[in-house]
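First up is the structure itself, then whatever we jot down about it.
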Amino acid sequence: MPAKPDPKKILDEAMQLEPTARAFVAETLLESLDLDQDFAVSQEWLVEIQRRCAEIDSGNATLLDNAMVINELRGKYTR
C-alpha cells in the first residue's frame, strides 16, 4: 500500500510557491471541501468574490504576503 501524503510536507512545499500559485492551491482546496451547509451570500458579494477570483486567476491581482502585511500594520499601529 502506498504511503499517505504528509500534509506538513505538502504545506511546506506550497508555501514556497509564488502568491498567485498559493492562491490557486488554496482556492482549489477550499472548493474541494464538501460542506454540509452552504453559507448564504448576497448577490453583491457573490459578484465581488467572482471578480476577485477572476483577477487572481488572470494574474491581474497583486497578492501580498500575509506576514509582510501584518508586520506593516503592527509597525503602523504599535507605539
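Here, A, B, ... name the chains of the C-alpha cells in the order displayed, residue numbers run from 1 inside each chain, and ligands are numbered from 1 in the same displayed order.
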Tell me, as a PyMOL selection string, which residues lie within 12 Å of range 11-15 of chain A, counting only C-alpha atoms; anything in the same chain fewer than 4 positions away does not count. chain A and resi 5-7+19-26+29+65-66
Can you list every residue in range 14-78 of chain A that DSSP puts in helix (DSSP H, G or I), as a PyMOL selection string? chain A and resi 14+19-32+43-58+66-77
Since we have the selection now, will you write its residues out, keeping C-alpha atoms, as a short mmCIF file (atom, residue, chain, number, x, y, z; two decimals), in the first residue's frame?
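To be explicit, this is the file written out as result-v5.cif:
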```
data_model
loop_
_atom_site.label_atom_id
_atom_site.label_comp_id
_atom_site.auth_asym_id
_atom_site.auth_seq_id
_atom_site.Cartn_x
_atom_site.Cartn_y
_atom_site.Cartn_z
CA ALA A 14 3.04 25.01 -1.11
CA PRO A 19 1.48 34.13 -4.22
CA THR A 20 -0.73 33.54 -7.27
CA ALA A 21 0.07 29.83 -7.25
CA ARG A 22 -0.63 29.64 -3.49
CA ALA A 23 -3.97 31.38 -4.07
CA PHE A 24 -4.82 28.83 -6.75
CA VAL A 25 -3.95 25.94 -4.43
CA ALA A 26 -5.96 27.47 -1.57
CA GLU A 27 -8.96 28.14 -3.80
CA THR A 28 -8.86 24.62 -5.23
CA LEU A 29 -8.62 23.04 -1.77
CA LEU A 30 -11.49 25.14 -0.42
CA GLU A 31 -13.66 24.28 -3.41
CA SER A 32 -12.92 20.58 -2.86
CA GLN A 43 -25.72 38.50 -4.85
CA GLU A 44 -23.44 41.53 -4.46
CA TRP A 45 -20.85 39.53 -2.53
CA LEU A 46 -21.09 36.65 -4.98
CA VAL A 47 -20.30 39.03 -7.84
CA GLU A 48 -17.39 40.53 -5.86
CA ILE A 49 -15.99 37.10 -4.97
CA GLN A 50 -16.15 36.00 -8.61
CA ARG A 51 -14.49 39.26 -9.72
CA ARG A 52 -11.64 38.84 -7.23
CA CYS A 53 -11.12 35.18 -8.14
CA ALA A 54 -11.03 36.09 -11.84
CA GLU A 55 -8.40 38.78 -11.14
CA ILE A 56 -6.27 36.27 -9.25
CA ASP A 57 -6.70 33.58 -11.91
CA SER A 58 -5.77 36.01 -14.70
CA ASN A 66 0.41 37.97 4.94
CA ALA A 67 3.44 38.23 7.23
CA MET A 68 4.55 41.39 5.44
CA VAL A 69 1.11 42.97 5.76
CA ILE A 70 0.84 42.08 9.46
CA ASN A 71 4.31 43.49 10.14
CA GLU A 72 3.41 46.72 8.34
CA LEU A 73 0.19 47.05 10.35
CA ARG A 74 1.96 46.33 13.62
CA GLY A 75 4.55 48.96 12.81
CA LYS A 76 1.86 51.47 11.92
CA TYR A 77 -0.41 50.92 14.93
#
```
Quick one: distance from CA of Glu18 in chain A to CA of Asn60 in chain A in Å, one decimal?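 A separation of 13.9 Å between them.
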